[in-house]
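The file final.cif comes next; it holds mmCIF, N, CA and C atoms.
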data_model
loop_
_atom_site.label_atom_id
_atom_site.label_comp_id
_atom_site.auth_asym_id
_atom_site.auth_seq_id
_atom_site.Cartn_x
_atom_site.Cartn_y
_atom_site.Cartn_z
N MET A 1 115.31 101.74 11.48
CA MET A 1 116.17 100.58 11.58
C MET A 1 115.31 99.36 11.91
N ALA A 2 115.64 98.27 11.32
CA ALA A 2 114.86 97.05 11.53
C ALA A 2 115.09 96.51 12.93
N LYS A 3 114.04 95.87 13.47
CA LYS A 3 114.18 95.24 14.77
C LYS A 3 115.07 94.01 14.66
N LEU A 4 115.70 93.67 15.76
CA LEU A 4 116.53 92.47 15.80
C LEU A 4 115.64 91.25 15.85
N ASP A 5 116.10 90.17 15.23
CA ASP A 5 115.38 88.93 15.42
C ASP A 5 115.82 88.33 16.76
N VAL A 6 115.20 87.26 17.16
CA VAL A 6 115.45 86.70 18.49
C VAL A 6 116.90 86.30 18.67
N ASP A 7 117.50 85.67 17.67
CA ASP A 7 118.90 85.25 17.79
C ASP A 7 119.84 86.45 17.92
N GLN A 8 119.58 87.49 17.14
CA GLN A 8 120.41 88.69 17.23
C GLN A 8 120.25 89.37 18.60
N TYR A 9 119.02 89.40 19.08
CA TYR A 9 118.74 90.01 20.38
C TYR A 9 119.46 89.25 21.50
N VAL A 10 119.36 87.93 21.48
CA VAL A 10 120.01 87.11 22.51
C VAL A 10 121.52 87.28 22.44
N ALA A 11 122.07 87.32 21.23
CA ALA A 11 123.52 87.51 21.08
C ALA A 11 123.96 88.87 21.60
N ALA A 12 123.17 89.91 21.33
CA ALA A 12 123.51 91.25 21.81
C ALA A 12 123.45 91.33 23.33
N VAL A 13 122.43 90.75 23.93
CA VAL A 13 122.30 90.75 25.39
C VAL A 13 123.44 89.96 26.01
N ALA A 14 123.75 88.81 25.46
CA ALA A 14 124.84 87.99 25.99
C ALA A 14 126.18 88.71 25.89
N ALA A 15 126.41 89.40 24.79
CA ALA A 15 127.66 90.14 24.63
C ALA A 15 127.76 91.28 25.63
N ARG A 16 126.66 92.00 25.84
CA ARG A 16 126.69 93.13 26.78
C ARG A 16 126.83 92.63 28.21
N LEU A 17 126.21 91.49 28.53
CA LEU A 17 126.39 90.90 29.86
C LEU A 17 127.84 90.46 30.06
N ALA A 18 128.46 89.95 29.00
CA ALA A 18 129.87 89.58 29.09
C ALA A 18 130.74 90.81 29.31
N HIS A 19 130.41 91.91 28.64
CA HIS A 19 131.15 93.16 28.85
C HIS A 19 131.01 93.63 30.29
N LEU A 20 129.80 93.54 30.85
CA LEU A 20 129.57 93.95 32.23
C LEU A 20 130.38 93.07 33.18
N THR A 21 130.36 91.78 32.96
CA THR A 21 131.12 90.86 33.81
C THR A 21 132.61 91.14 33.71
N GLN A 22 133.10 91.38 32.51
CA GLN A 22 134.52 91.69 32.34
C GLN A 22 134.89 93.01 33.02
N THR A 23 134.00 93.98 32.96
CA THR A 23 134.24 95.26 33.63
C THR A 23 134.38 95.05 35.13
N TYR A 24 133.44 94.30 35.71
CA TYR A 24 133.52 94.04 37.15
C TYR A 24 134.79 93.28 37.50
N ALA A 25 135.17 92.31 36.69
CA ALA A 25 136.39 91.54 36.96
C ALA A 25 137.62 92.44 36.91
N ILE A 26 137.70 93.29 35.90
CA ILE A 26 138.84 94.21 35.78
C ILE A 26 138.91 95.13 36.99
N VAL A 27 137.77 95.72 37.35
CA VAL A 27 137.74 96.66 38.48
C VAL A 27 138.10 95.96 39.78
N PHE A 28 137.54 94.80 40.04
CA PHE A 28 137.80 94.13 41.32
C PHE A 28 139.24 93.65 41.41
N PHE A 29 139.77 93.05 40.34
CA PHE A 29 141.15 92.58 40.39
C PHE A 29 142.15 93.74 40.43
N ALA A 30 141.86 94.81 39.71
CA ALA A 30 142.72 96.00 39.79
C ALA A 30 142.66 96.61 41.19
N SER A 31 141.49 96.58 41.81
CA SER A 31 141.36 97.09 43.17
C SER A 31 142.15 96.24 44.16
N ILE A 32 142.13 94.94 43.97
CA ILE A 32 142.92 94.06 44.83
C ILE A 32 144.41 94.37 44.67
N ALA A 33 144.84 94.56 43.44
CA ALA A 33 146.25 94.86 43.19
C ALA A 33 146.64 96.21 43.79
N THR A 34 145.79 97.21 43.63
CA THR A 34 146.13 98.52 44.20
C THR A 34 146.08 98.49 45.72
N MET A 35 145.16 97.72 46.30
CA MET A 35 145.14 97.62 47.77
C MET A 35 146.41 96.95 48.26
N PHE A 36 146.88 95.94 47.56
CA PHE A 36 148.15 95.32 47.94
C PHE A 36 149.27 96.35 47.89
N ALA A 37 149.32 97.12 46.81
CA ALA A 37 150.36 98.15 46.68
C ALA A 37 150.23 99.21 47.77
N ILE A 38 149.01 99.60 48.08
CA ILE A 38 148.79 100.61 49.13
C ILE A 38 149.27 100.08 50.47
N LEU A 39 148.83 98.87 50.81
CA LEU A 39 149.19 98.31 52.12
C LEU A 39 150.68 98.01 52.22
N ALA A 40 151.30 97.60 51.12
CA ALA A 40 152.70 97.22 51.16
C ALA A 40 153.66 98.41 51.05
N TYR A 41 153.28 99.42 50.27
CA TYR A 41 154.26 100.45 49.93
C TYR A 41 153.86 101.88 50.28
N ALA A 42 152.60 102.17 50.49
CA ALA A 42 152.18 103.57 50.63
C ALA A 42 152.80 104.25 51.84
N SER A 43 152.96 103.52 52.94
CA SER A 43 153.48 104.16 54.15
C SER A 43 154.92 104.62 54.00
N SER A 44 155.69 103.95 53.15
CA SER A 44 157.10 104.34 52.96
C SER A 44 157.33 105.09 51.65
N ALA A 45 156.30 105.27 50.86
CA ALA A 45 156.45 105.90 49.54
C ALA A 45 156.50 107.42 49.68
N GLY A 46 157.19 108.02 48.74
CA GLY A 46 157.25 109.47 48.69
C GLY A 46 155.97 110.04 48.09
N LEU A 47 155.91 111.35 48.04
CA LEU A 47 154.72 112.03 47.53
C LEU A 47 154.42 111.67 46.08
N ALA A 48 155.45 111.61 45.23
CA ALA A 48 155.25 111.29 43.82
C ALA A 48 154.67 109.89 43.66
N ALA A 49 155.16 108.94 44.44
CA ALA A 49 154.65 107.57 44.34
C ALA A 49 153.20 107.50 44.84
N ARG A 50 152.88 108.24 45.88
CA ARG A 50 151.50 108.26 46.37
C ARG A 50 150.57 108.88 45.34
N ILE A 51 151.02 109.94 44.68
CA ILE A 51 150.19 110.56 43.64
C ILE A 51 150.00 109.61 42.47
N ALA A 52 151.05 108.89 42.10
CA ALA A 52 150.93 107.89 41.02
C ALA A 52 149.94 106.80 41.41
N LEU A 53 150.03 106.33 42.64
CA LEU A 53 149.11 105.30 43.12
C LEU A 53 147.68 105.83 43.17
N ALA A 54 147.51 107.06 43.61
CA ALA A 54 146.17 107.67 43.65
C ALA A 54 145.61 107.83 42.24
N THR A 55 146.47 108.14 41.28
CA THR A 55 146.03 108.27 39.89
C THR A 55 145.52 106.94 39.36
N ILE A 56 146.21 105.86 39.70
CA ILE A 56 145.76 104.53 39.28
C ILE A 56 144.40 104.23 39.89
N VAL A 57 144.22 104.55 41.16
CA VAL A 57 142.95 104.30 41.84
C VAL A 57 141.83 105.12 41.19
N VAL A 58 142.09 106.38 40.90
CA VAL A 58 141.07 107.23 40.27
C VAL A 58 140.73 106.70 38.88
N ALA A 59 141.75 106.31 38.11
CA ALA A 59 141.49 105.78 36.76
C ALA A 59 140.66 104.51 36.82
N ASN A 60 140.98 103.62 37.75
CA ASN A 60 140.22 102.39 37.90
C ASN A 60 138.77 102.68 38.31
N THR A 61 138.59 103.63 39.19
CA THR A 61 137.25 103.98 39.65
C THR A 61 136.43 104.61 38.51
N VAL A 62 137.02 105.53 37.80
CA VAL A 62 136.31 106.17 36.68
C VAL A 62 135.94 105.14 35.62
N TYR A 63 136.89 104.26 35.29
CA TYR A 63 136.60 103.20 34.33
C TYR A 63 135.46 102.32 34.83
N GLY A 64 135.50 101.93 36.08
CA GLY A 64 134.47 101.06 36.64
C GLY A 64 133.10 101.70 36.60
N VAL A 65 133.03 102.98 36.94
CA VAL A 65 131.73 103.66 36.94
C VAL A 65 131.21 103.82 35.51
N LEU A 66 132.05 104.32 34.62
CA LEU A 66 131.58 104.60 33.25
C LEU A 66 131.26 103.33 32.47
N ALA A 67 132.14 102.34 32.54
CA ALA A 67 131.92 101.11 31.77
C ALA A 67 130.73 100.32 32.30
N ALA A 68 130.62 100.21 33.62
CA ALA A 68 129.49 99.47 34.19
C ALA A 68 128.18 100.19 33.92
N LYS A 69 128.16 101.52 34.09
CA LYS A 69 126.92 102.26 33.84
C LYS A 69 126.52 102.16 32.38
N SER A 70 127.47 102.23 31.47
CA SER A 70 127.18 102.10 30.05
C SER A 70 126.56 100.74 29.73
N ALA A 71 127.17 99.68 30.24
CA ALA A 71 126.64 98.35 29.98
C ALA A 71 125.26 98.18 30.60
N LEU A 72 125.08 98.67 31.81
CA LEU A 72 123.77 98.54 32.47
C LEU A 72 122.70 99.37 31.76
N ASP A 73 123.06 100.54 31.26
CA ASP A 73 122.10 101.35 30.49
C ASP A 73 121.70 100.63 29.20
N ASP A 74 122.67 100.02 28.54
CA ASP A 74 122.35 99.25 27.32
C ASP A 74 121.44 98.07 27.65
N LEU A 75 121.74 97.37 28.74
CA LEU A 75 120.89 96.25 29.14
C LEU A 75 119.49 96.71 29.51
N LYS A 76 119.37 97.89 30.10
CA LYS A 76 118.05 98.44 30.42
C LYS A 76 117.26 98.70 29.13
N ALA A 77 117.93 99.27 28.14
CA ALA A 77 117.26 99.52 26.85
C ALA A 77 116.83 98.20 26.20
N MET A 78 117.71 97.20 26.27
CA MET A 78 117.36 95.90 25.70
C MET A 78 116.21 95.26 26.48
N LEU A 79 116.22 95.44 27.78
CA LEU A 79 115.14 94.91 28.62
C LEU A 79 113.81 95.57 28.27
N ASP A 80 113.84 96.88 28.05
CA ASP A 80 112.61 97.58 27.67
C ASP A 80 112.07 97.06 26.34
N ASP A 81 112.97 96.79 25.39
CA ASP A 81 112.53 96.22 24.12
C ASP A 81 111.92 94.84 24.32
N ALA A 82 112.54 94.05 25.17
CA ALA A 82 112.05 92.69 25.41
C ALA A 82 110.67 92.71 26.06
N VAL A 83 110.48 93.63 27.00
CA VAL A 83 109.19 93.70 27.69
C VAL A 83 108.07 94.00 26.70
N ASP A 84 108.35 94.87 25.73
CA ASP A 84 107.34 95.16 24.71
C ASP A 84 106.99 93.91 23.91
N ASP A 85 108.00 93.12 23.58
CA ASP A 85 107.77 91.91 22.80
C ASP A 85 107.04 90.83 23.59
N PHE A 86 107.21 90.82 24.91
CA PHE A 86 106.60 89.80 25.77
C PHE A 86 105.40 90.32 26.54
N SER A 87 104.85 91.44 26.11
CA SER A 87 103.73 92.01 26.86
C SER A 87 102.59 91.01 26.97
N GLY A 88 102.04 90.92 28.15
CA GLY A 88 100.94 90.01 28.40
C GLY A 88 101.38 88.65 28.92
N SER A 89 102.68 88.35 28.86
CA SER A 89 103.14 87.05 29.37
C SER A 89 103.63 87.20 30.80
N SER A 90 103.71 86.10 31.51
CA SER A 90 104.25 86.13 32.87
C SER A 90 105.71 86.54 32.86
N PHE A 91 106.45 86.09 31.86
CA PHE A 91 107.85 86.45 31.75
C PHE A 91 108.01 87.95 31.54
N GLY A 92 107.19 88.52 30.67
CA GLY A 92 107.23 89.96 30.44
C GLY A 92 106.87 90.74 31.69
N ALA A 93 105.89 90.26 32.44
CA ALA A 93 105.52 90.92 33.70
C ALA A 93 106.68 90.86 34.69
N HIS A 94 107.36 89.72 34.72
CA HIS A 94 108.51 89.60 35.62
C HIS A 94 109.64 90.53 35.20
N LEU A 95 109.88 90.65 33.90
CA LEU A 95 110.93 91.55 33.41
C LEU A 95 110.66 92.99 33.79
N LYS A 96 109.38 93.38 33.79
CA LYS A 96 109.02 94.75 34.17
C LYS A 96 109.35 95.03 35.63
N GLN A 97 109.45 93.99 36.45
CA GLN A 97 109.70 94.17 37.89
C GLN A 97 111.18 94.36 38.23
N ILE A 98 112.07 94.14 37.29
CA ILE A 98 113.50 94.24 37.58
C ILE A 98 113.85 95.71 37.83
N PRO A 99 114.40 96.03 39.01
CA PRO A 99 114.72 97.43 39.35
C PRO A 99 116.10 97.84 38.78
N MET A 100 116.18 98.05 37.48
CA MET A 100 117.46 98.35 36.85
C MET A 100 118.07 99.65 37.37
N ALA A 101 117.26 100.66 37.66
CA ALA A 101 117.81 101.91 38.18
C ALA A 101 118.48 101.68 39.53
N LEU A 102 117.86 100.87 40.36
CA LEU A 102 118.44 100.55 41.67
C LEU A 102 119.75 99.77 41.48
N PHE A 103 119.74 98.80 40.60
CA PHE A 103 120.94 97.99 40.36
C PHE A 103 122.08 98.86 39.83
N THR A 104 121.76 99.76 38.90
CA THR A 104 122.77 100.67 38.36
C THR A 104 123.31 101.59 39.45
N GLY A 105 122.41 102.14 40.25
CA GLY A 105 122.83 103.03 41.33
C GLY A 105 123.71 102.34 42.35
N VAL A 106 123.33 101.15 42.75
CA VAL A 106 124.13 100.39 43.72
C VAL A 106 125.49 100.05 43.14
N SER A 107 125.54 99.68 41.88
CA SER A 107 126.80 99.35 41.23
C SER A 107 127.73 100.55 41.23
N VAL A 108 127.22 101.71 40.85
CA VAL A 108 128.02 102.93 40.81
C VAL A 108 128.50 103.29 42.22
N VAL A 109 127.61 103.23 43.20
CA VAL A 109 127.98 103.58 44.58
C VAL A 109 129.06 102.64 45.11
N LEU A 110 128.96 101.35 44.84
CA LEU A 110 129.97 100.41 45.33
C LEU A 110 131.33 100.61 44.68
N VAL A 111 131.35 100.88 43.39
CA VAL A 111 132.63 101.14 42.73
C VAL A 111 133.24 102.43 43.26
N LEU A 112 132.42 103.46 43.45
CA LEU A 112 132.91 104.71 44.03
C LEU A 112 133.41 104.50 45.45
N ALA A 113 132.71 103.69 46.22
CA ALA A 113 133.12 103.43 47.60
C ALA A 113 134.48 102.74 47.65
N MET A 114 134.72 101.82 46.73
CA MET A 114 136.03 101.16 46.68
C MET A 114 137.12 102.19 46.37
N GLY A 115 136.86 103.06 45.42
CA GLY A 115 137.86 104.07 45.06
C GLY A 115 138.12 105.05 46.18
N VAL A 116 137.07 105.53 46.83
CA VAL A 116 137.23 106.48 47.93
C VAL A 116 137.97 105.83 49.10
N THR A 117 137.64 104.58 49.39
CA THR A 117 138.32 103.87 50.46
C THR A 117 139.80 103.72 50.17
N GLN A 118 140.14 103.41 48.94
CA GLN A 118 141.55 103.27 48.60
C GLN A 118 142.28 104.61 48.66
N LEU A 119 141.62 105.67 48.21
CA LEU A 119 142.25 107.00 48.32
C LEU A 119 142.46 107.38 49.78
N TRP A 120 141.49 107.06 50.62
CA TRP A 120 141.61 107.31 52.05
C TRP A 120 142.78 106.52 52.64
N ALA A 121 142.95 105.28 52.19
CA ALA A 121 144.06 104.46 52.68
C ALA A 121 145.41 105.06 52.24
N ILE A 122 145.47 105.61 51.05
CA ILE A 122 146.71 106.25 50.58
C ILE A 122 147.02 107.48 51.42
N ILE A 123 146.01 108.28 51.68
CA ILE A 123 146.21 109.51 52.46
C ILE A 123 146.58 109.17 53.91
N SER A 124 145.96 108.13 54.44
CA SER A 124 146.18 107.77 55.85
C SER A 124 147.51 107.06 56.09
N ALA A 125 148.09 106.48 55.03
CA ALA A 125 149.32 105.68 55.21
C ALA A 125 150.51 106.54 55.57
#
Written form, structure tokens:
Amino acid sequence: MAKLDVDQYVAAVAARLAHLTQTYAIVFFASIATMFAILAYASSAGLAARIALATIVVANTVYGVLAAKSALDDLKAMLDDAVDDFSGSSFGAHLKQIPMALFTGVSVVLVLAMGVTQLWAIISA
């Protein structure tokens, strides 16, 4: 397969960064909505309603982990391609220093922590 030209590469990176940003926005706003529902209704809700709420929390968490990790993995691959193209430059050296594995791990852990905290709030209510 042919390599991307610079414009195609920049467009692909920008699109994947937009996907990552949209994923985070969806997860955070859905988490805010579910926390509101948990705090407002979980203590008086029956078992079926709590299970439904827990299902929403699990779905949001799974989506957040999978979509964010996918976008970050794609960005890592694009970053590796860019570093090869910029080898020997200061910019390329700086790109090599970006700890993508750490960023991906922290992102996954934080999304999981939000989901676990919300499940704990449902159980505790």
Evaluating the PyMOL selection byres ((chain A and resi 33-44) around 8) on the displayed file yields which residues, as a PDB file with N, CA and C atoms, keeping the file's coordinate frame?
ATOM      1  N   VAL A  27     137.770  95.720  37.350  1.00  0.00           N
ATOM      2  CA  VAL A  27     137.740  96.660  38.480  1.00  0.00           C
ATOM      3  C   VAL A  27     138.100  95.960  39.780  1.00  0.00           C
ATOM      4  N   PHE A  28     137.540  94.800  40.040  1.00  0.00           N
ATOM      5  CA  PHE A  28     137.800  94.130  41.320  1.00  0.00           C
ATOM      6  C   PHE A  28     139.240  93.650  41.410  1.00  0.00           C
ATOM      7  N   PHE A  29     139.770  93.050  40.340  1.00  0.00           N
ATOM      8  CA  PHE A  29     141.150  92.580  40.390  1.00  0.00           C
ATOM      9  C   PHE A  29     142.150  93.740  40.430  1.00  0.00           C
ATOM     10  N   ALA A  30     141.860  94.810  39.710  1.00  0.00           N
ATOM     11  CA  ALA A  30     142.720  96.000  39.790  1.00  0.00           C
ATOM     12  C   ALA A  30     142.660  96.610  41.190  1.00  0.00           C
ATOM     13  N   SER A  31     141.490  96.580  41.810  1.00  0.00           N
ATOM     14  CA  SER A  31     141.360  97.090  43.170  1.00  0.00           C
ATOM     15  C   SER A  31     142.150  96.240  44.160  1.00  0.00           C
ATOM     16  N   ILE A  32     142.130  94.940  43.970  1.00  0.00           N
ATOM     17  CA  ILE A  32     142.920  94.060  44.830  1.00  0.00           C
ATOM     18  C   ILE A  32     144.410  94.370  44.670  1.00  0.00           C
ATOM     19  N   ALA A  45     156.300 105.270  50.860  1.00  0.00           N
ATOM     20  CA  ALA A  45     156.450 105.900  49.540  1.00  0.00           C
ATOM     21  C   ALA A  45     156.500 107.420  49.680  1.00  0.00           C
ATOM     22  N   GLY A  46     157.190 108.020  48.740  1.00  0.00           N
ATOM     23  CA  GLY A  46     157.250 109.470  48.690  1.00  0.00           C
ATOM     24  C   GLY A  46     155.970 110.040  48.090  1.00  0.00           C
ATOM     25  N   LEU A  47     155.910 111.350  48.040  1.00  0.00           N
ATOM     26  CA  LEU A  47     154.720 112.030  47.530  1.00  0.00           C
ATOM     27  C   LEU A  47     154.420 111.670  46.080  1.00  0.00           C
ATOM     28  N   ALA A  49     155.160 108.940  44.440  1.00  0.00           N
ATOM     29  CA  ALA A  49     154.650 107.570  44.340  1.00  0.00           C
ATOM     30  C   ALA A  49     153.200 107.500  44.840  1.00  0.00           C
ATOM     31  N   ARG A  50     152.880 108.240  45.880  1.00  0.00           N
ATOM     32  CA  ARG A  50     151.500 108.260  46.370  1.00  0.00           C
ATOM     33  C   ARG A  50     150.570 108.880  45.340  1.00  0.00           C
ATOM     34  N   LEU A  53     150.030 106.330  42.640  1.00  0.00           N
ATOM     35  CA  LEU A  53     149.110 105.300  43.120  1.00  0.00           C
ATOM     36  C   LEU A  53     147.680 105.830  43.170  1.00  0.00           C
ATOM     37  N   ILE A  56     146.210 105.860  39.700  1.00  0.00           N
ATOM     38  CA  ILE A  56     145.760 104.530  39.280  1.00  0.00           C
ATOM     39  C   ILE A  56     144.400 104.230  39.890  1.00  0.00           C
ATOM     40  N   VAL A  57     144.220 104.550  41.160  1.00  0.00           N
ATOM     41  CA  VAL A  57     142.950 104.300  41.840  1.00  0.00           C
ATOM     42  C   VAL A  57     141.830 105.120  41.190  1.00  0.00           C
ATOM     43  N   GLN A 118     140.140 103.410  48.940  1.00  0.00           N
ATOM     44  CA  GLN A 118     141.550 103.270  48.600  1.00  0.00           C
ATOM     45  C   GLN A 118     142.280 104.610  48.660  1.00  0.00           C
ATOM     46  N   ALA A 121     142.950 105.280  52.190  1.00  0.00           N
ATOM     47  CA  ALA A 121     144.060 104.460  52.680  1.00  0.00           C
ATOM     48  C   ALA A 121     145.410 105.060  52.240  1.00  0.00           C
ATOM     49  N   ILE A 122     145.470 105.610  51.050  1.00  0.00           N
ATOM     50  CA  ILE A 122     146.710 106.250  50.580  1.00  0.00           C
ATOM     51  C   ILE A 122     147.020 107.480  51.420  1.00  0.00           C
ATOM     52  N   ILE A 123     146.010 108.280  51.680  1.00  0.00           N
ATOM     53  CA  ILE A 123     146.210 109.510  52.460  1.00  0.00           C
ATOM     54  C   ILE A 123     146.580 109.170  53.910  1.00  0.00           C
ATOM     55  N   SER A 124     145.960 108.130  54.440  1.00  0.00           N
ATOM     56  CA  SER A 124     146.180 107.770  55.850  1.00  0.00           C
ATOM     57  C   SER A 124     147.510 107.060  56.090  1.00  0.00           C
ATOM     58  N   ALA A 125     148.090 106.480  55.030  1.00  0.00           N
ATOM     59  CA  ALA A 125     149.320 105.680  55.210  1.00  0.00           C
ATOM     60  C   ALA A 125     150.510 106.540  55.570  1.00  0.00           C
TER      61      ALA A 125
END
Open item on the list: So that I can check the surroundings of A:Leu17, please list as an MDAnalysis selection string every protein, DNA and RNA residue that reaches within 9 Å of it, counting only C-alpha atoms and ignoring chain neighbours fewer than 4 positions away.
Closed with: chainID A and resid 12:13 21:22 71:72 75
Enclose the full set of atoms of stretch 108-114 of chain A listed in the file within a box whose edges lie along x, y and z, apply 8 Å of padding to each of the six sides, and report centre and edge lengths in Å to one decimal as lines of an AutoDock Vina configuration file.
center_x = 132.2
center_y = 102.6
center_z = 44.2
size_x = 25.9
size_y = 20.3
size_z = 22.8
Could you list, as a PDB file with N, CA and C atoms, keeping the file's coordinate frame, every residue matched by the PyMOL selection byres ((chain A and resi 102-110) around 8) in this structure?
ATOM      1  N   GLY A  64     135.500 101.930  36.080  1.00  0.00           N
ATOM      2  CA  GLY A  64     134.470 101.060  36.640  1.00  0.00           C
ATOM      3  C   GLY A  64     133.100 101.700  36.600  1.00  0.00           C
ATOM      4  N   VAL A  65     133.030 102.980  36.940  1.00  0.00           N
ATOM      5  CA  VAL A  65     131.730 103.660  36.940  1.00  0.00           C
ATOM      6  C   VAL A  65     131.210 103.820  35.510  1.00  0.00           C
ATOM      7  N   LEU A  66     132.050 104.320  34.620  1.00  0.00           N
ATOM      8  CA  LEU A  66     131.580 104.600  33.250  1.00  0.00           C
ATOM      9  C   LEU A  66     131.260 103.330  32.470  1.00  0.00           C
ATOM     10  N   ALA A  68     130.620 100.210  33.620  1.00  0.00           N
ATOM     11  CA  ALA A  68     129.490  99.470  34.190  1.00  0.00           C
ATOM     12  C   ALA A  68     128.180 100.190  33.920  1.00  0.00           C
ATOM     13  N   LYS A  69     128.160 101.520  34.090  1.00  0.00           N
ATOM     14  CA  LYS A  69     126.920 102.260  33.840  1.00  0.00           C
ATOM     15  C   LYS A  69     126.520 102.160  32.380  1.00  0.00           C
ATOM     16  N   LEU A  72     125.080  98.670  31.810  1.00  0.00           N
ATOM     17  CA  LEU A  72     123.770  98.540  32.470  1.00  0.00           C
ATOM     18  C   LEU A  72     122.700  99.370  31.760  1.00  0.00           C
ATOM     19  N   ASP A  73     123.060 100.540  31.260  1.00  0.00           N
ATOM     20  CA  ASP A  73     122.100 101.350  30.490  1.00  0.00           C
ATOM     21  C   ASP A  73     121.700 100.630  29.200  1.00  0.00           C
ATOM     22  N   ILE A  98     112.070  94.140  37.290  1.00  0.00           N
ATOM     23  CA  ILE A  98     113.500  94.240  37.580  1.00  0.00           C
ATOM     24  C   ILE A  98     113.850  95.710  37.830  1.00  0.00           C
ATOM     25  N   PRO A  99     114.400  96.030  39.010  1.00  0.00           N
ATOM     26  CA  PRO A  99     114.720  97.430  39.350  1.00  0.00           C
ATOM     27  C   PRO A  99     116.100  97.840  38.780  1.00  0.00           C
ATOM     28  N   MET A 100     116.180  98.050  37.480  1.00  0.00           N
ATOM     29  CA  MET A 100     117.460  98.350  36.850  1.00  0.00           C
ATOM     30  C   MET A 100     118.070  99.650  37.370  1.00  0.00           C
ATOM     31  N   ALA A 101     117.260 100.660  37.660  1.00  0.00           N
ATOM     32  CA  ALA A 101     117.810 101.910  38.180  1.00  0.00           C
ATOM     33  C   ALA A 101     118.480 101.680  39.530  1.00  0.00           C
ATOM     34  N   VAL A 111     131.350 100.880  43.390  1.00  0.00           N
ATOM     35  CA  VAL A 111     132.630 101.140  42.730  1.00  0.00           C
ATOM     36  C   VAL A 111     133.240 102.430  43.260  1.00  0.00           C
ATOM     37  N   LEU A 112     132.420 103.460  43.450  1.00  0.00           N
ATOM     38  CA  LEU A 112     132.910 104.710  44.030  1.00  0.00           C
ATOM     39  C   LEU A 112     133.410 104.500  45.450  1.00  0.00           C
ATOM     40  N   ALA A 113     132.710 103.690  46.220  1.00  0.00           N
ATOM     41  CA  ALA A 113     133.120 103.430  47.600  1.00  0.00           C
ATOM     42  C   ALA A 113     134.480 102.740  47.650  1.00  0.00           C
ATOM     43  N   MET A 114     134.720 101.820  46.730  1.00  0.00           N
ATOM     44  CA  MET A 114     136.030 101.160  46.680  1.00  0.00           C
ATOM     45  C   MET A 114     137.120 102.190  46.370  1.00  0.00           C
ATOM     46  N   GLY A 115     136.860 103.060  45.420  1.00  0.00           N
ATOM     47  CA  GLY A 115     137.860 104.070  45.060  1.00  0.00           C
ATOM     48  C   GLY A 115     138.120 105.050  46.180  1.00  0.00           C
ATOM     49  N   VAL A 116     137.070 105.530  46.830  1.00  0.00           N
ATOM     50  CA  VAL A 116     137.230 106.480  47.930  1.00  0.00           C
ATOM     51  C   VAL A 116     137.970 105.830  49.100  1.00  0.00           C
TER      52      VAL A 116
END
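Closest approach to A:Ile26 among A:Ala93, A:Asn60, A:Ala82, A:Thr117 is made by A:Asn60 (distances from all atoms listed in the file).
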Task: atom C of A:Val83 to atom N of A:Asp5, straight-line distance in Å - done: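 Atom-to-atom, atom N of A:Asp5 to atom C of A:Val83, that is 14.5 Å.
The space separating atom C of A:Ala15 from atom C of A:Leu79 comes to 14.8 Å.
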Task: Atomic distance atom CA of A:Gln97 - atom CA of A:Lys76, expressed in Å with one decimal - done: 12.0 Å
